[in-house]
Every structure is written in structure tokens, then in C-alpha cells.
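> Structure supplied as data.cif; contents: mmCIF, N, CA, C and O atoms.
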```cif
data_model
loop_
_atom_site.label_atom_id
_atom_site.label_comp_id
_atom_site.auth_asym_id
_atom_site.auth_seq_id
_atom_site.Cartn_x
_atom_site.Cartn_y
_atom_site.Cartn_z
N MET I 1 15.20 1.99 -13.05
CA MET I 1 14.63 2.27 -11.76
C MET I 1 13.17 2.72 -11.88
O MET I 1 12.36 2.38 -11.04
N ASN I 2 12.86 3.49 -12.93
CA ASN I 2 11.49 3.93 -13.11
C ASN I 2 10.56 2.77 -13.42
O ASN I 2 9.39 2.79 -13.00
N THR I 3 11.04 1.79 -14.16
CA THR I 3 10.19 0.63 -14.43
C THR I 3 9.94 -0.17 -13.15
O THR I 3 8.84 -0.70 -12.97
N LEU I 4 10.93 -0.23 -12.30
CA LEU I 4 10.75 -0.91 -11.02
C LEU I 4 9.70 -0.19 -10.17
O LEU I 4 8.85 -0.83 -9.54
N LYS I 5 9.73 1.14 -10.19
CA LYS I 5 8.73 1.92 -9.45
C LYS I 5 7.32 1.65 -9.98
O LYS I 5 6.38 1.53 -9.21
N LYS I 6 7.20 1.55 -11.29
CA LYS I 6 5.88 1.30 -11.88
C LYS I 6 5.37 -0.09 -11.53
O LYS I 6 4.20 -0.28 -11.22
N TYR I 7 6.25 -1.08 -11.57
CA TYR I 7 5.83 -2.43 -11.18
C TYR I 7 5.46 -2.50 -9.71
O TYR I 7 4.49 -3.15 -9.33
N LEU I 8 6.21 -1.81 -8.89
CA LEU I 8 5.89 -1.80 -7.47
C LEU I 8 4.61 -1.02 -7.19
O LEU I 8 3.89 -1.33 -6.24
N GLY I 9 4.30 -0.04 -8.02
CA GLY I 9 3.02 0.65 -7.90
C GLY I 9 1.86 -0.29 -8.14
O GLY I 9 0.85 -0.26 -7.43
N ILE I 10 2.01 -1.15 -9.13
CA ILE I 10 0.97 -2.16 -9.39
C ILE I 10 0.88 -3.13 -8.22
O ILE I 10 -0.22 -3.53 -7.82
N VAL I 11 2.01 -3.48 -7.65
CA VAL I 11 2.02 -4.37 -6.48
C VAL I 11 1.30 -3.72 -5.30
O VAL I 11 0.52 -4.38 -4.60
N TRP I 12 1.52 -2.43 -5.07
CA TRP I 12 0.85 -1.74 -3.95
C TRP I 12 -0.66 -1.70 -4.15
O TRP I 12 -1.42 -1.90 -3.20
N ILE I 13 -1.09 -1.45 -5.37
CA ILE I 13 -2.53 -1.41 -5.63
C ILE I 13 -3.14 -2.81 -5.47
O ILE I 13 -4.22 -2.96 -4.90
N ALA I 14 -2.44 -3.82 -5.95
CA ALA I 14 -2.92 -5.19 -5.78
C ALA I 14 -2.95 -5.57 -4.31
O ALA I 14 -3.88 -6.25 -3.85
N LEU I 15 -1.97 -5.12 -3.55
CA LEU I 15 -1.94 -5.38 -2.11
C LEU I 15 -3.11 -4.71 -1.41
O LEU I 15 -3.70 -5.29 -0.49
N ALA I 16 -3.49 -3.53 -1.85
CA ALA I 16 -4.65 -2.85 -1.27
C ALA I 16 -5.92 -3.65 -1.50
O ALA I 16 -6.76 -3.78 -0.61
N ILE I 17 -6.07 -4.21 -2.71
CA ILE I 17 -7.25 -5.02 -3.01
C ILE I 17 -7.26 -6.29 -2.18
O ILE I 17 -8.30 -6.68 -1.62
N VAL I 18 -6.11 -6.92 -2.03
CA VAL I 18 -6.02 -8.14 -1.24
C VAL I 18 -6.31 -7.87 0.23
O VAL I 18 -7.03 -8.63 0.90
N VAL I 19 -5.78 -6.78 0.76
CA VAL I 19 -6.03 -6.42 2.17
C VAL I 19 -7.52 -6.17 2.40
O VAL I 19 -8.09 -6.62 3.39
N ALA I 20 -8.16 -5.47 1.48
CA ALA I 20 -9.60 -5.20 1.62
C ALA I 20 -10.39 -6.50 1.59
O ALA I 20 -11.27 -6.72 2.42
N TYR I 21 -10.07 -7.37 0.66
CA TYR I 21 -10.79 -8.63 0.53
C TYR I 21 -10.61 -9.53 1.76
O TYR I 21 -11.58 -10.07 2.30
N LEU I 22 -9.36 -9.67 2.20
CA LEU I 22 -9.10 -10.52 3.35
C LEU I 22 -9.66 -9.94 4.64
O LEU I 22 -10.12 -10.69 5.51
N SER I 23 -9.63 -8.64 4.77
CA SER I 23 -10.19 -8.02 5.98
C SER I 23 -11.69 -8.24 6.06
O SER I 23 -12.23 -8.51 7.14
N ILE I 24 -12.36 -8.13 4.94
CA ILE I 24 -13.80 -8.39 4.94
C ILE I 24 -14.07 -9.86 5.23
O ILE I 24 -14.98 -10.20 5.98
N GLY I 25 -13.25 -10.73 4.67
CA GLY I 25 -13.43 -12.16 4.90
C GLY I 25 -13.12 -12.60 6.31
O GLY I 25 -13.83 -13.40 6.91
N ILE I 26 -12.06 -12.05 6.90
CA ILE I 26 -11.63 -12.47 8.23
C ILE I 26 -12.43 -11.79 9.32
O ILE I 26 -12.87 -12.42 10.28
N PHE I 27 -12.62 -10.49 9.19
CA PHE I 27 -13.27 -9.73 10.26
C PHE I 27 -14.75 -9.48 10.01
O PHE I 27 -15.40 -8.81 10.80
N GLY I 28 -15.30 -10.01 8.93
CA GLY I 28 -16.69 -9.77 8.61
C GLY I 28 -17.65 -10.36 9.62
O GLY I 28 -18.72 -9.81 9.89
N TYR I 29 -17.27 -11.48 10.19
CA TYR I 29 -18.15 -12.11 11.16
C TYR I 29 -18.21 -11.35 12.49
O TYR I 29 -19.12 -11.57 13.28
N LYS I 30 -17.28 -10.48 12.73
CA LYS I 30 -17.26 -9.71 13.98
C LYS I 30 -18.48 -8.80 14.11
O LYS I 30 -18.91 -8.50 15.22
N LEU I 31 -19.03 -8.37 13.00
CA LEU I 31 -20.19 -7.49 13.04
C LEU I 31 -21.49 -8.25 13.29
O LEU I 31 -22.50 -7.65 13.64
N THR I 32 -21.47 -9.57 13.11
CA THR I 32 -22.70 -10.34 13.20
C THR I 32 -22.75 -11.29 14.38
O THR I 32 -23.73 -12.03 14.51
N THR I 33 -21.74 -11.31 15.24
CA THR I 33 -21.74 -12.28 16.35
C THR I 33 -22.70 -11.89 17.46
O THR I 33 -23.14 -12.76 18.21
N GLY I 34 -23.00 -10.63 17.62
CA GLY I 34 -23.90 -10.19 18.67
C GLY I 34 -23.20 -9.81 19.97
O GLY I 34 -23.83 -9.27 20.87
N LYS I 35 -21.92 -10.08 20.07
CA LYS I 35 -21.16 -9.69 21.27
C LYS I 35 -20.76 -8.23 21.14
O LYS I 35 -20.39 -7.77 20.07
N GLN I 36 -20.78 -7.53 22.24
CA GLN I 36 -20.45 -6.10 22.20
C GLN I 36 -18.98 -5.88 21.88
O GLN I 36 -18.64 -4.97 21.12
N ASP I 37 -18.10 -6.72 22.42
CA ASP I 37 -16.67 -6.57 22.14
C ASP I 37 -16.37 -6.78 20.65
O ASP I 37 -15.57 -6.05 20.07
N ASP I 38 -16.99 -7.78 20.06
CA ASP I 38 -16.78 -8.04 18.64
C ASP I 38 -17.35 -6.91 17.78
O ASP I 38 -16.77 -6.54 16.77
N LEU I 39 -18.48 -6.38 18.19
CA LEU I 39 -19.10 -5.29 17.42
C LEU I 39 -18.23 -4.04 17.43
O LEU I 39 -18.01 -3.42 16.39
N VAL I 40 -17.69 -3.69 18.59
CA VAL I 40 -16.82 -2.51 18.68
C VAL I 40 -15.56 -2.71 17.85
O VAL I 40 -15.14 -1.82 17.11
N PHE I 41 -14.96 -3.90 17.95
CA PHE I 41 -13.76 -4.19 17.17
C PHE I 41 -14.06 -4.15 15.68
O PHE I 41 -13.29 -3.60 14.89
N GLY I 42 -15.19 -4.72 15.27
CA GLY I 42 -15.55 -4.73 13.85
C GLY I 42 -15.80 -3.34 13.32
O GLY I 42 -15.41 -3.01 12.20
N ILE I 43 -16.46 -2.50 14.11
CA ILE I 43 -16.70 -1.12 13.68
C ILE I 43 -15.39 -0.36 13.53
O ILE I 43 -15.20 0.37 12.55
N ILE I 44 -14.47 -0.54 14.45
CA ILE I 44 -13.18 0.14 14.37
C ILE I 44 -12.41 -0.32 13.13
O ILE I 44 -11.84 0.49 12.39
N VAL I 45 -12.40 -1.62 12.88
CA VAL I 45 -11.67 -2.14 11.73
C VAL I 45 -12.29 -1.66 10.42
O VAL I 45 -11.60 -1.16 9.54
N PHE I 46 -13.61 -1.81 10.28
CA PHE I 46 -14.26 -1.53 9.01
C PHE I 46 -14.40 -0.05 8.69
O PHE I 46 -14.30 0.35 7.54
N PHE I 47 -14.67 0.76 9.68
CA PHE I 47 -14.98 2.16 9.39
C PHE I 47 -13.83 3.13 9.68
O PHE I 47 -13.90 4.28 9.28
N ILE I 48 -12.78 2.66 10.34
CA ILE I 48 -11.66 3.55 10.63
C ILE I 48 -10.37 3.03 10.00
O ILE I 48 -9.74 3.71 9.19
N LEU I 49 -9.97 1.81 10.35
CA LEU I 49 -8.67 1.30 9.91
C LEU I 49 -8.66 0.87 8.44
O LEU I 49 -7.73 1.21 7.71
N LEU I 50 -9.64 0.10 8.03
CA LEU I 50 -9.65 -0.42 6.66
C LEU I 50 -9.65 0.67 5.59
O LEU I 50 -8.85 0.59 4.65
N PRO I 51 -10.48 1.70 5.69
CA PRO I 51 -10.40 2.76 4.67
C PRO I 51 -9.05 3.48 4.65
O PRO I 51 -8.55 3.82 3.57
N MET I 52 -8.46 3.70 5.82
CA MET I 52 -7.16 4.38 5.84
C MET I 52 -6.08 3.52 5.20
O MET I 52 -5.25 4.02 4.42
N ILE I 53 -6.06 2.24 5.49
CA ILE I 53 -5.03 1.35 4.96
C ILE I 53 -5.18 1.20 3.45
O ILE I 53 -4.21 1.34 2.70
N VAL I 54 -6.39 0.91 3.00
CA VAL I 54 -6.62 0.69 1.57
C VAL I 54 -6.38 1.97 0.78
O VAL I 54 -5.75 1.94 -0.29
N THR I 55 -6.85 3.09 1.28
CA THR I 55 -6.63 4.36 0.57
C THR I 55 -5.15 4.71 0.52
O THR I 55 -4.65 5.15 -0.52
N GLY I 56 -4.44 4.52 1.61
CA GLY I 56 -3.01 4.82 1.63
C GLY I 56 -2.23 3.96 0.65
O GLY I 56 -1.38 4.47 -0.10
N LEU I 57 -2.50 2.66 0.62
CA LEU I 57 -1.80 1.79 -0.32
C LEU I 57 -2.14 2.13 -1.77
O LEU I 57 -1.27 2.12 -2.63
N THR I 58 -3.40 2.44 -2.02
CA THR I 58 -3.82 2.76 -3.39
C THR I 58 -3.20 4.06 -3.87
O THR I 58 -2.71 4.15 -5.00
N ILE I 59 -3.21 5.08 -3.04
CA ILE I 59 -2.60 6.36 -3.43
C ILE I 59 -1.11 6.21 -3.63
O ILE I 59 -0.54 6.74 -4.60
N PHE I 60 -0.44 5.48 -2.75
CA PHE I 60 0.99 5.26 -2.90
C PHE I 60 1.29 4.53 -4.20
O PHE I 60 2.22 4.89 -4.93
N GLY I 61 0.50 3.52 -4.53
CA GLY I 61 0.69 2.80 -5.79
C GLY I 61 0.40 3.66 -6.99
O GLY I 61 1.11 3.61 -8.00
N TRP I 62 -0.66 4.48 -6.92
CA TRP I 62 -1.01 5.35 -8.04
C TRP I 62 0.09 6.38 -8.29
O TRP I 62 0.44 6.66 -9.45
N TYR I 63 0.63 6.94 -7.24
CA TYR I 63 1.73 7.89 -7.40
C TYR I 63 2.96 7.23 -8.00
O TYR I 63 3.68 7.84 -8.78
N ALA I 64 3.21 5.99 -7.64
CA ALA I 64 4.36 5.29 -8.22
C ALA I 64 4.14 5.01 -9.70
O ALA I 64 5.08 5.10 -10.49
N ILE I 65 2.91 4.69 -10.08
CA ILE I 65 2.63 4.41 -11.49
C ILE I 65 2.71 5.68 -12.33
O ILE I 65 3.22 5.67 -13.45
N THR I 66 2.21 6.80 -11.82
CA THR I 66 2.15 8.03 -12.60
C THR I 66 3.39 8.91 -12.46
O THR I 66 3.37 10.07 -12.85
N ASP I 67 4.46 8.39 -11.92
CA ASP I 67 5.76 9.10 -11.80
C ASP I 67 5.70 10.36 -10.96
O ASP I 67 6.34 11.35 -11.28
N GLU I 68 4.92 10.36 -9.92
CA GLU I 68 4.89 11.50 -9.00
C GLU I 68 6.18 11.58 -8.17
O GLU I 68 6.51 12.62 -7.66
N TYR I 69 6.88 10.46 -8.05
CA TYR I 69 8.13 10.42 -7.28
C TYR I 69 9.34 10.59 -8.19
O TYR I 69 10.37 9.98 -8.01
N GLU I 70 9.21 11.43 -9.18
CA GLU I 70 10.28 11.61 -10.17
C GLU I 70 11.51 12.32 -9.59
O GLU I 70 12.63 12.03 -9.95
N ASP I 71 11.32 13.25 -8.70
CA ASP I 71 12.45 14.02 -8.17
C ASP I 71 13.24 13.28 -7.15
O ASP I 71 12.97 12.62 -6.31
#
```
What does this structure look like when you write it as C-alpha cells?


Amino acid sequence: MNTLKKYLGIVWIALAIVVAYLSIGIFGYKLTTGKQDDLVFGIIVFFILLPMIVTGLTIFGWYAITDEYED
């Protein structure tokens, strides 16, 4: 079970990297379109949601790798 947790920790960290990359690729144009609606949406995604999602997935994966969930 501990080896499964460690592998899943690597999966969570990889998922965080993929989410960051795809979010920049998909929503990156929202900051440059010049429309106010797109600009507000892009700011919310990039400066509020994306850091929370990527940080949460990375911390969860790191804790799984370092056996913080031992108990």
C-alpha cells in the first residue's frame, strides 16, 4: 500500500505540471484578446485558481511521496 501511495504521489505531481501547462496553453490567449470579459476571466484563472490548484496537487503528491500519510 505504501508503494502505491508513492506512485500516486508522483502521479499527482505530474498532474500538477500538466494542469499548469495546459492552462497556460488554453487560457493564455484570454489575456491578450483585448476584451474586458476575457481579461477578467484570464486574471481570475491565472492569478487565483491556477496557483491554488497546482500548489494543492503538488503538496498532496509531495506528502504522499514522503510518507506524511503514514498514520

> Expanded to explicit residues, what is the PyMOL selection byres ((chain I and resi 65) around 7) for this file, as a ChimeraX atom specification?

/I:2,5-10,59-64,66-68

> Using only C-alpha atoms, which residue out of I:Ile26, I:Ala20, I:Leu4, I:Ile13 lies closest to I:Gly42?

I:Ile26

> Neighbours of I:Phe27 within 8 Å (all atoms listed in the file; same-chain residues fewer than 6 positions away dropped), as a CSV table (one decimal) with N, CA, C and O atoms, in the coordinates of the input?


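The resulting part13.csv:
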```
chain,number,residue,atom,x,y,z
I,20,ALA,N,-8.2,-5.5,1.5
I,20,ALA,CA,-9.6,-5.2,1.6
I,20,ALA,C,-10.4,-6.5,1.6
I,20,ALA,O,-11.3,-6.7,2.4
I,21,TYR,N,-10.1,-7.4,0.7
I,21,TYR,CA,-10.8,-8.6,0.5
I,21,TYR,C,-10.6,-9.5,1.8
I,21,TYR,O,-11.6,-10.1,2.3
I,38,ASP,N,-17.0,-7.8,20.1
I,38,ASP,CA,-16.8,-8.0,18.6
I,38,ASP,C,-17.4,-6.9,17.8
I,38,ASP,O,-16.8,-6.5,16.8
I,41,PHE,N,-15.0,-3.9,18.0
I,41,PHE,CA,-13.8,-4.2,17.2
I,41,PHE,C,-14.1,-4.2,15.7
I,41,PHE,O,-13.3,-3.6,14.9
I,42,GLY,N,-15.2,-4.7,15.3
I,42,GLY,CA,-15.6,-4.7,13.8
I,42,GLY,C,-15.8,-3.3,13.3
I,42,GLY,O,-15.4,-3.0,12.2
I,43,ILE,N,-16.5,-2.5,14.1
I,43,ILE,CA,-16.7,-1.1,13.7
I,43,ILE,C,-15.4,-0.4,13.5
I,43,ILE,O,-15.2,0.4,12.6
I,45,VAL,N,-12.4,-1.6,12.9
I,45,VAL,CA,-11.7,-2.1,11.7
I,45,VAL,C,-12.3,-1.7,10.4
I,45,VAL,O,-11.6,-1.2,9.5
I,46,PHE,N,-13.6,-1.8,10.3
I,46,PHE,CA,-14.3,-1.5,9.0
I,46,PHE,C,-14.4,0.0,8.7
I,46,PHE,O,-14.3,0.4,7.5
```

> Which distance in Å separates atom CA of I:Phe47 and atom N of I:Val18, to one decimal?

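Atom CA of I:Phe47 sits 17.1 Å away from atom N of I:Val18.
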
> Give me, please, the distance in Å between atom N of I:Ala16 and atom C of I:Ile48, quoted to one decimal.

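These atoms are spaced 15.2 Å apart.
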
> To one decimal in Å, tell me the separation between atom CA of I:Thr33 and atom CA of I:Leu49.

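Distance between the two atoms: 19.9 Å.
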
> Give me stretch 25-36 of chain I with all heavy atoms filled in, as a PDB file, in the frame of the given file.


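As written to disk, rebuild.pdb reads:
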```
ATOM      1  N   GLY I  25     -13.250 -10.730   4.670  1.00  0.00           N
ATOM      2  CA  GLY I  25     -13.430 -12.160   4.900  1.00  0.00           C
ATOM      3  C   GLY I  25     -13.120 -12.600   6.310  1.00  0.00           C
ATOM      4  O   GLY I  25     -13.830 -13.400   6.910  1.00  0.00           O
ATOM      5  N   ILE I  26     -12.060 -12.050   6.900  1.00  0.00           N
ATOM      6  CA  ILE I  26     -11.630 -12.470   8.230  1.00  0.00           C
ATOM      7  C   ILE I  26     -12.430 -11.790   9.320  1.00  0.00           C
ATOM      8  O   ILE I  26     -12.870 -12.420  10.280  1.00  0.00           O
ATOM      9  CB  ILE I  26     -10.118 -12.206   8.413  1.00  0.00           C
ATOM     10  CG1 ILE I  26      -9.310 -13.114   7.486  1.00  0.00           C
ATOM     11  CG2 ILE I  26      -9.700 -12.404   9.851  1.00  0.00           C
ATOM     12  CD1 ILE I  26      -7.844 -12.791   7.429  1.00  0.00           C
ATOM     13  N   PHE I  27     -12.620 -10.490   9.190  1.00  0.00           N
ATOM     14  CA  PHE I  27     -13.270  -9.730  10.260  1.00  0.00           C
ATOM     15  C   PHE I  27     -14.750  -9.480  10.010  1.00  0.00           C
ATOM     16  O   PHE I  27     -15.400  -8.810  10.800  1.00  0.00           O
ATOM     17  CB  PHE I  27     -12.560  -8.384  10.457  1.00  0.00           C
ATOM     18  CG  PHE I  27     -11.142  -8.516  10.885  1.00  0.00           C
ATOM     19  CD1 PHE I  27     -10.119  -8.103  10.058  1.00  0.00           C
ATOM     20  CD2 PHE I  27     -10.826  -9.068  12.109  1.00  0.00           C
ATOM     21  CE1 PHE I  27      -8.804  -8.223  10.446  1.00  0.00           C
ATOM     22  CE2 PHE I  27      -9.514  -9.198  12.504  1.00  0.00           C
ATOM     23  CZ  PHE I  27      -8.495  -8.777  11.670  1.00  0.00           C
ATOM     24  N   GLY I  28     -15.300 -10.010   8.930  1.00  0.00           N
ATOM     25  CA  GLY I  28     -16.690  -9.770   8.610  1.00  0.00           C
ATOM     26  C   GLY I  28     -17.650 -10.360   9.620  1.00  0.00           C
ATOM     27  O   GLY I  28     -18.720  -9.810   9.890  1.00  0.00           O
ATOM     28  N   TYR I  29     -17.270 -11.480  10.190  1.00  0.00           N
ATOM     29  CA  TYR I  29     -18.150 -12.110  11.160  1.00  0.00           C
ATOM     30  C   TYR I  29     -18.210 -11.350  12.490  1.00  0.00           C
ATOM     31  O   TYR I  29     -19.120 -11.570  13.280  1.00  0.00           O
ATOM     32  CB  TYR I  29     -17.735 -13.550  11.410  1.00  0.00           C
ATOM     33  CG  TYR I  29     -16.470 -13.704  12.198  1.00  0.00           C
ATOM     34  CD1 TYR I  29     -16.528 -13.857  13.584  1.00  0.00           C
ATOM     35  CD2 TYR I  29     -15.237 -13.684  11.588  1.00  0.00           C
ATOM     36  CE1 TYR I  29     -15.372 -13.988  14.326  1.00  0.00           C
ATOM     37  CE2 TYR I  29     -14.077 -13.814  12.322  1.00  0.00           C
ATOM     38  CZ  TYR I  29     -14.153 -13.975  13.680  1.00  0.00           C
ATOM     39  OH  TYR I  29     -12.998 -14.093  14.411  1.00  0.00           O
ATOM     40  N   LYS I  30     -17.280 -10.480  12.730  1.00  0.00           N
ATOM     41  CA  LYS I  30     -17.260  -9.710  13.980  1.00  0.00           C
ATOM     42  C   LYS I  30     -18.480  -8.800  14.110  1.00  0.00           C
ATOM     43  O   LYS I  30     -18.910  -8.500  15.220  1.00  0.00           O
ATOM     44  CB  LYS I  30     -15.997  -8.864  14.090  1.00  0.00           C
ATOM     45  CG  LYS I  30     -14.724  -9.647  14.238  1.00  0.00           C
ATOM     46  CD  LYS I  30     -14.620 -10.221  15.615  1.00  0.00           C
ATOM     47  CE  LYS I  30     -13.256 -10.857  15.805  1.00  0.00           C
ATOM     48  NZ  LYS I  30     -13.149 -11.519  17.085  1.00  0.00           N
ATOM     49  N   LEU I  31     -19.030  -8.370  13.000  1.00  0.00           N
ATOM     50  CA  LEU I  31     -20.190  -7.490  13.040  1.00  0.00           C
ATOM     51  C   LEU I  31     -21.490  -8.250  13.290  1.00  0.00           C
ATOM     52  O   LEU I  31     -22.500  -7.650  13.640  1.00  0.00           O
ATOM     53  CB  LEU I  31     -20.299  -6.684  11.748  1.00  0.00           C
ATOM     54  CG  LEU I  31     -19.162  -5.703  11.481  1.00  0.00           C
ATOM     55  CD1 LEU I  31     -19.325  -5.086  10.110  1.00  0.00           C
ATOM     56  CD2 LEU I  31     -19.111  -4.637  12.549  1.00  0.00           C
ATOM     57  N   THR I  32     -21.470  -9.570  13.110  1.00  0.00           N
ATOM     58  CA  THR I  32     -22.700 -10.340  13.200  1.00  0.00           C
ATOM     59  C   THR I  32     -22.750 -11.290  14.380  1.00  0.00           C
ATOM     60  O   THR I  32     -23.730 -12.030  14.510  1.00  0.00           O
ATOM     61  CB  THR I  32     -22.904 -11.152  11.910  1.00  0.00           C
ATOM     62  OG1 THR I  32     -21.804 -12.037  11.736  1.00  0.00           O
ATOM     63  CG2 THR I  32     -23.023 -10.241  10.707  1.00  0.00           C
ATOM     64  N   THR I  33     -21.740 -11.310  15.240  1.00  0.00           N
ATOM     65  CA  THR I  33     -21.740 -12.280  16.350  1.00  0.00           C
ATOM     66  C   THR I  33     -22.700 -11.890  17.460  1.00  0.00           C
ATOM     67  O   THR I  33     -23.140 -12.760  18.210  1.00  0.00           O
ATOM     68  CB  THR I  33     -20.331 -12.428  16.945  1.00  0.00           C
ATOM     69  OG1 THR I  33     -19.895 -11.166  17.438  1.00  0.00           O
ATOM     70  CG2 THR I  33     -19.358 -12.971  15.924  1.00  0.00           C
ATOM     71  N   GLY I  34     -23.000 -10.630  17.620  1.00  0.00           N
ATOM     72  CA  GLY I  34     -23.900 -10.190  18.670  1.00  0.00           C
ATOM     73  C   GLY I  34     -23.200  -9.810  19.970  1.00  0.00           C
ATOM     74  O   GLY I  34     -23.830  -9.270  20.870  1.00  0.00           O
ATOM     75  N   LYS I  35     -21.920 -10.080  20.070  1.00  0.00           N
ATOM     76  CA  LYS I  35     -21.160  -9.690  21.270  1.00  0.00           C
ATOM     77  C   LYS I  35     -20.760  -8.230  21.140  1.00  0.00           C
ATOM     78  O   LYS I  35     -20.390  -7.770  20.070  1.00  0.00           O
ATOM     79  CB  LYS I  35     -19.923 -10.558  21.430  1.00  0.00           C
ATOM     80  CG  LYS I  35     -20.211 -12.008  21.658  1.00  0.00           C
ATOM     81  CD  LYS I  35     -18.917 -12.773  21.798  1.00  0.00           C
ATOM     82  CE  LYS I  35     -19.161 -14.246  21.941  1.00  0.00           C
ATOM     83  NZ  LYS I  35     -17.901 -14.993  21.993  1.00  0.00           N
ATOM     84  N   GLN I  36     -20.780  -7.530  22.240  1.00  0.00           N
ATOM     85  CA  GLN I  36     -20.450  -6.100  22.200  1.00  0.00           C
ATOM     86  C   GLN I  36     -18.980  -5.880  21.880  1.00  0.00           C
ATOM     87  O   GLN I  36     -18.640  -4.970  21.120  1.00  0.00           O
ATOM     88  CB  GLN I  36     -20.797  -5.440  23.523  1.00  0.00           C
ATOM     89  CG  GLN I  36     -20.580  -3.939  23.496  1.00  0.00           C
ATOM     90  CD  GLN I  36     -20.999  -3.270  24.790  1.00  0.00           C
ATOM     91  OE1 GLN I  36     -21.426  -3.933  25.726  1.00  0.00           O
ATOM     92  NE2 GLN I  36     -20.879  -1.969  24.841  1.00  0.00           N
TER      93      GLN I  36
END
```
